[in-house]
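See structure below.
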Amino acid sequence: MRETVHLTIDGCEVAADPTQSILQAYARSGAELTANVGCLGQGVCGSCRCLIRKDQERQVSTALACETRVEAGMQVSFIDHFLPAHVHRYDLSDIRDSWGLLGQIRAVFPEAAYCRHCSGCDRACPKGLPVQSGVASAVAGDLAAAAAVFDPCVMCNLCTLACPENIRPNHLGLFVRRAIAALTLRPVDLMRRLRDIETGAMTVEGPQPATASGEPAEG
Ligand code: SF4
Ligand code: SF4
Ligand code: FES
């Protein structure tokens, strides 16, 4: 017979098979999955972010519940969704060429220049991304390097929670990735299809995608 481990999740004692992830154990305990879960264990949505303290350890660490195995005596607390105090607003159509991009980063994310290199974001990242260096690359204008750092980011916001300078590194990374995409030529097949939808040569069912000119296609 397989061993059972006991742990607490959000203050409730849960018995689990040691091969289960925290999220599986939580779901099988009968808890209603109304929050803290999005992709159901694919490790891509970041919504199952949690704090973990292992048995007999004082240190608390961050993790994704769907990617972390249960352990006996573990204490787990999900981190609820939180609203950021400051939202960075920008319009991608303002990005016309790469010359002005560094200036736009400084204008939209002025706090990024004040990174104190505390590595809090690196320690918080459950994906093990070198977040601090991604921020430094973006501030220095090495956008390809910054985009490469944040490519696997799941937007769990743990780096933002950890940052004492309110830098919101993942949102800076998203801006850089969006900016690079905005400056890159779209695949020709995609452009052709969007033109066909725009001119009515092709019809689609359901919600209409944006057309080649960026306007929503008429349904
Ligand atoms: S970079 Fe930040 S938001 Fe992205 S996975 Fe790491 S901690 Fe989560
Ligand atoms: S947590 Fe903030 S201040 Fe610290 S290294 Fe990361 S971005 Fe810089
Ligand atoms: S449920 Fe999506 S990352 Fe864990």
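Simple scheme: letters A, B, ... for chains in structure tokens order, numbers from 1 for residues in each chain, numbers from 1 for ligands in the order shown.
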
For Ser119 in chain A, work out the shell of residues within 10 Å, counting only C-alpha atoms and skipping chain neighbours fewer than 5 positions away, then give it as a PyMOL selection string. chain A and resi 124+130-133+159+162-163

Selected residues, C-alpha atoms, written as a PDB file, in the first residue's frame, please.
ATOM      1  CA  ALA A 124      10.904  34.603  -6.235  1.00  0.00           C
ATOM      2  CA  PRO A 130      17.294  35.390 -14.364  1.00  0.00           C
ATOM      3  CA  VAL A 131      14.788  38.208 -13.919  1.00  0.00           C
ATOM      4  CA  GLN A 132      17.259  40.772 -12.573  1.00  0.00           C
ATOM      5  CA  SER A 133      19.466  40.423 -15.633  1.00  0.00           C
ATOM      6  CA  CYS A 159       8.767  38.936  -9.133  1.00  0.00           C
ATOM      7  CA  ALA A 162       9.107  40.674  -4.443  1.00  0.00           C
ATOM      8  CA  CYS A 163      10.458  43.911  -5.907  1.00  0.00           C
TER       9      CYS A 163
END

Taking only C-alpha atoms and all ligand atoms and a cut-off of 10 Å, can you tell me which residues surround ligand 2, written as a VMD selection string? chain A and resid 111 to 124 130 to 136 158 to 170 172

Since we have the selection now, will you write its residues out, keeping N, CA and C atoms, as a CSV table (one decimal), in the first residue's frame?
chain,number,residue,atom,x,y,z
A,111,GLU,N,11.0,53.5,-13.2
A,111,GLU,CA,11.5,52.9,-12.0
A,111,GLU,C,12.5,51.8,-12.3
A,112,ALA,N,12.5,51.3,-13.5
A,112,ALA,CA,13.4,50.2,-13.8
A,112,ALA,C,14.8,50.6,-13.7
A,113,ALA,N,15.1,51.8,-13.9
A,113,ALA,CA,16.5,52.3,-13.8
A,113,ALA,C,17.0,52.3,-12.4
A,114,TYR,N,16.1,52.1,-11.4
A,114,TYR,CA,16.5,52.1,-10.0
A,114,TYR,C,16.6,50.8,-9.4
A,115,CYS,N,16.7,49.8,-10.2
A,115,CYS,CA,16.9,48.4,-9.7
A,115,CYS,C,18.1,48.4,-8.7
A,116,ARG,N,17.9,47.8,-7.6
A,116,ARG,CA,18.9,47.8,-6.5
A,116,ARG,C,19.7,46.5,-6.5
A,117,HIS,N,19.5,45.7,-7.5
A,117,HIS,CA,20.2,44.4,-7.7
A,117,HIS,C,20.2,43.6,-6.4
A,118,CYS,N,19.0,43.5,-5.9
A,118,CYS,CA,18.8,42.7,-4.6
A,118,CYS,C,18.6,41.2,-4.9
A,119,SER,N,18.3,40.9,-6.1
A,119,SER,CA,18.0,39.5,-6.6
A,119,SER,C,16.7,38.9,-6.0
A,120,GLY,N,15.9,39.8,-5.4
A,120,GLY,CA,14.6,39.3,-4.9
A,120,GLY,C,13.7,38.7,-6.0
A,121,CYS,N,13.8,39.3,-7.1
A,121,CYS,CA,13.0,38.7,-8.3
A,121,CYS,C,13.5,37.4,-8.7
A,122,ASP,N,14.8,37.2,-8.7
A,122,ASP,CA,15.4,35.9,-9.1
A,122,ASP,C,15.0,34.8,-8.1
A,123,ARG,N,15.0,35.2,-6.9
A,123,ARG,CA,14.7,34.2,-5.8
A,123,ARG,C,13.2,33.8,-5.9
A,124,ALA,N,12.4,34.8,-6.2
A,124,ALA,CA,10.9,34.6,-6.2
A,124,ALA,C,10.4,33.8,-7.4
A,130,PRO,N,16.4,34.3,-14.9
A,130,PRO,CA,17.3,35.4,-14.4
A,130,PRO,C,16.7,36.8,-14.5
A,131,VAL,N,15.6,37.0,-13.7
A,131,VAL,CA,14.8,38.2,-13.9
A,131,VAL,C,15.6,39.5,-13.8
A,132,GLN,N,16.5,39.6,-12.8
A,132,GLN,CA,17.3,40.8,-12.6
A,132,GLN,C,18.1,41.1,-13.8
A,133,SER,N,18.7,40.1,-14.5
A,133,SER,CA,19.5,40.4,-15.6
A,133,SER,C,18.6,40.8,-16.8
A,134,GLY,N,17.3,40.3,-16.8
A,134,GLY,CA,16.4,40.7,-17.9
A,134,GLY,C,16.1,42.2,-17.7
A,135,VAL,N,15.9,42.6,-16.5
A,135,VAL,CA,15.6,44.0,-16.2
A,135,VAL,C,16.8,44.9,-16.7
A,136,ALA,N,18.0,44.4,-16.3
A,136,ALA,CA,19.2,45.2,-16.6
A,136,ALA,C,19.4,45.3,-18.1
A,158,LEU,N,5.0,37.0,-9.2
A,158,LEU,CA,5.8,36.8,-8.0
A,158,LEU,C,7.0,37.8,-8.0
A,159,CYS,N,7.6,38.0,-9.1
A,159,CYS,CA,8.8,38.9,-9.1
A,159,CYS,C,8.3,40.4,-8.8
A,160,THR,N,7.1,40.7,-9.3
A,160,THR,CA,6.6,42.0,-9.0
A,160,THR,C,6.3,42.2,-7.5
A,161,LEU,N,5.7,41.1,-6.9
A,161,LEU,CA,5.5,41.1,-5.4
A,161,LEU,C,6.8,41.3,-4.7
A,162,ALA,N,7.8,40.7,-5.2
A,162,ALA,CA,9.1,40.7,-4.4
A,162,ALA,C,9.9,42.0,-4.6
A,163,CYS,N,9.6,42.8,-5.6
A,163,CYS,CA,10.5,43.9,-5.9
A,163,CYS,C,10.3,45.1,-5.0
A,164,PRO,N,11.3,45.5,-4.2
A,164,PRO,CA,11.2,46.7,-3.3
A,164,PRO,C,11.1,48.0,-4.1
A,165,GLU,N,11.4,48.0,-5.3
A,165,GLU,CA,11.3,49.3,-6.1
A,165,GLU,C,10.1,49.3,-7.0
A,166,ASN,N,9.2,48.4,-6.8
A,166,ASN,CA,7.9,48.4,-7.6
A,166,ASN,C,8.2,48.4,-9.1
A,167,ILE,N,9.2,47.7,-9.5
A,167,ILE,CA,9.6,47.7,-10.9
A,167,ILE,C,8.6,46.9,-11.8
A,168,ARG,N,8.0,45.8,-11.3
A,168,ARG,CA,7.2,44.9,-12.1
A,168,ARG,C,7.9,44.4,-13.3
A,169,PRO,N,8.9,43.6,-13.0
A,169,PRO,CA,9.8,43.1,-14.0
A,169,PRO,C,9.1,42.3,-15.1
A,170,ASN,N,8.1,41.5,-14.8
A,170,ASN,CA,7.4,40.7,-15.8
A,170,ASN,C,6.7,41.6,-16.8
A,172,LEU,N,7.6,44.7,-17.6
A,172,LEU,CA,8.7,45.3,-18.4
A,172,LEU,C,9.0,44.3,-19.5

Check the smallest atom-to-atom distance from each of A:Leu51, A:Glu71, A:Val154, A:Ser29 to Glu3 in chain A using only C-alpha atoms, then report the winner. A:Glu71

Top pick for closest residue to Arg49 in chain A, considering A:Asn36, A:Gln75, A:Thr19, A:Ser93 and counting only C-alpha atoms: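 Looking only at the distances to Arg49 in chain A, the closest residue turns out to be A:Asn36.
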
Can you pull out every residue with an atom within 6 Å of ligand 3? Use only C-alpha atoms and all ligand atoms and format it as a list in words. Val37, Gly38, Cys39, Leu40, Gly41, Gln42, Gly43, Val44, Cys45, Gly46, Ser47, Cys48, Leu64, Ala65 and Cys66 of chain A

Convert the current residue selection to file output with N, CA and C atoms, as a short mmCIF file (atom, residue, chain, number, x, y, z; two decimals), in the first residue's frame.
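Okay, selection-v4.cif is ready:
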data_model
loop_
_atom_site.label_atom_id
_atom_site.label_comp_id
_atom_site.auth_asym_id
_atom_site.auth_seq_id
_atom_site.Cartn_x
_atom_site.Cartn_y
_atom_site.Cartn_z
N VAL A 37 -6.00 28.72 -10.06
CA VAL A 37 -5.78 27.68 -11.06
C VAL A 37 -6.28 28.20 -12.41
N GLY A 38 -5.49 27.98 -13.41
CA GLY A 38 -5.91 28.42 -14.75
C GLY A 38 -5.69 27.32 -15.77
N CYS A 39 -4.44 26.95 -15.94
CA CYS A 39 -4.11 25.98 -17.00
C CYS A 39 -4.18 24.54 -16.50
N LEU A 40 -4.63 24.34 -15.27
CA LEU A 40 -4.82 23.00 -14.71
C LEU A 40 -3.57 22.13 -14.82
N GLY A 41 -2.46 22.69 -14.45
CA GLY A 41 -1.28 21.86 -14.32
C GLY A 41 -0.31 21.89 -15.48
N GLN A 42 -0.52 22.77 -16.44
CA GLN A 42 0.42 22.84 -17.57
C GLN A 42 1.64 23.71 -17.24
N GLY A 43 1.57 24.45 -16.14
CA GLY A 43 2.70 25.28 -15.74
C GLY A 43 2.88 26.51 -16.61
N VAL A 44 1.80 26.99 -17.22
CA VAL A 44 1.96 28.13 -18.12
C VAL A 44 1.14 29.37 -17.73
N CYS A 45 0.22 29.23 -16.76
CA CYS A 45 -0.64 30.40 -16.49
C CYS A 45 -0.18 31.20 -15.27
N GLY A 46 0.56 30.59 -14.38
CA GLY A 46 1.10 31.31 -13.23
C GLY A 46 0.11 31.57 -12.12
N SER A 47 -1.14 31.14 -12.26
CA SER A 47 -2.14 31.51 -11.26
C SER A 47 -2.09 30.65 -9.99
N CYS A 48 -1.35 29.54 -10.03
CA CYS A 48 -1.28 28.68 -8.83
C CYS A 48 -0.08 29.04 -7.95
N LEU A 64 5.10 27.22 -7.98
CA LEU A 64 3.83 26.99 -8.66
C LEU A 64 3.29 25.66 -8.13
N ALA A 65 2.05 25.68 -7.64
CA ALA A 65 1.50 24.49 -6.98
C ALA A 65 1.36 23.31 -7.93
N CYS A 66 1.21 23.59 -9.20
CA CYS A 66 1.02 22.48 -10.14
C CYS A 66 2.34 21.86 -10.55
#

Step one, run DSSP on the backbone; step two, keep only residues of range 10-56 of chain A assigned to helix (DSSP H, G or I); then write them as a list in words.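 The helix (DSSP H, G or I) residues within range 10-56 of chain A come out as Ile22, Leu23, Gln24, Ala25, Tyr26, Ala27 and Arg28 of chain A.
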
Between CA of Cys153 in chain A and CA of Pro110 in chain A, what is the spacing in Å?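 Computing it gives 21.5 Å between the two atoms.
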
Best match for closeness to Lys127 in chain A among A:Asp55, A:Arg96, A:Val5, A:Asp151, counting only C-alpha atoms: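 Counting only C-alpha atoms, the residue closest to Lys127 in chain A is A:Asp151.
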
Mind checking which residues fall within 9 Å of Leu92 in chain A, counting only C-alpha atoms, ignoring those fewer than 6 positions away in the same chain, and posting them as a short mmCIF file (atom, residue, chain, number, x, y, z; two decimals) with C-alpha atoms, in the first residue's frame?
data_model
loop_
_atom_site.label_atom_id
_atom_site.label_comp_id
_atom_site.auth_asym_id
_atom_site.auth_seq_id
_atom_site.Cartn_x
_atom_site.Cartn_y
_atom_site.Cartn_z
CA PHE A 175 6.51 45.30 -23.02
CA ARG A 178 5.44 43.12 -27.50
CA ALA A 179 7.66 45.90 -28.83
CA ALA A 182 5.42 45.15 -33.20
#

Pull the strand (DSSP E) assignments for range 9-99 of chain A out of DSSP run on the backbone, and list those residues as a list in words.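 Going through range 9-99 of chain A, the strand (DSSP E) residues come out as Ile9, Cys12, Glu13, Val14, Ala15, Ala16, Arg49, Cys50, Leu51, Ile52, Arg53, Val60, Ser61, Thr62, Ala63, Leu64, Gln75, Val76, Ser77 and Phe78 of chain A.
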
With only C-alpha atoms as the basis for distance, which of A:Leu183, A:Leu194, A:Ala138, A:Met74 is at the shortest distance from Cys12 in chain A?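 Nearest to Cys12 in chain A: A:Met74.
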
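CA of Asn157 in chain A to CA of Asp80 in chain A spans 10.7 Å [interatomic distance, one decimal].
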
Near Arg69 in chain A, within 6 Å and counting only C-alpha atoms, which residues show up once chain neighbours fewer than 3 positions away are dropped, as an NGL selection string? :A and (20-22)

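Considering the residues A:Val87, A:Val76, A:Ala16, A:Ala107 and counting only C-alpha atoms, Arg28 in chain A has its shortest atom-to-atom contact with A:Ala16.
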
Under the rule that only C-alpha atoms and all ligand atoms are counted, which of A:Gln104, A:Thr34, A:Thr62, A:Thr68 is the nearest residue to ligand 1?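 Among the listed residues, A:Thr62 lies closest to ligand 1.
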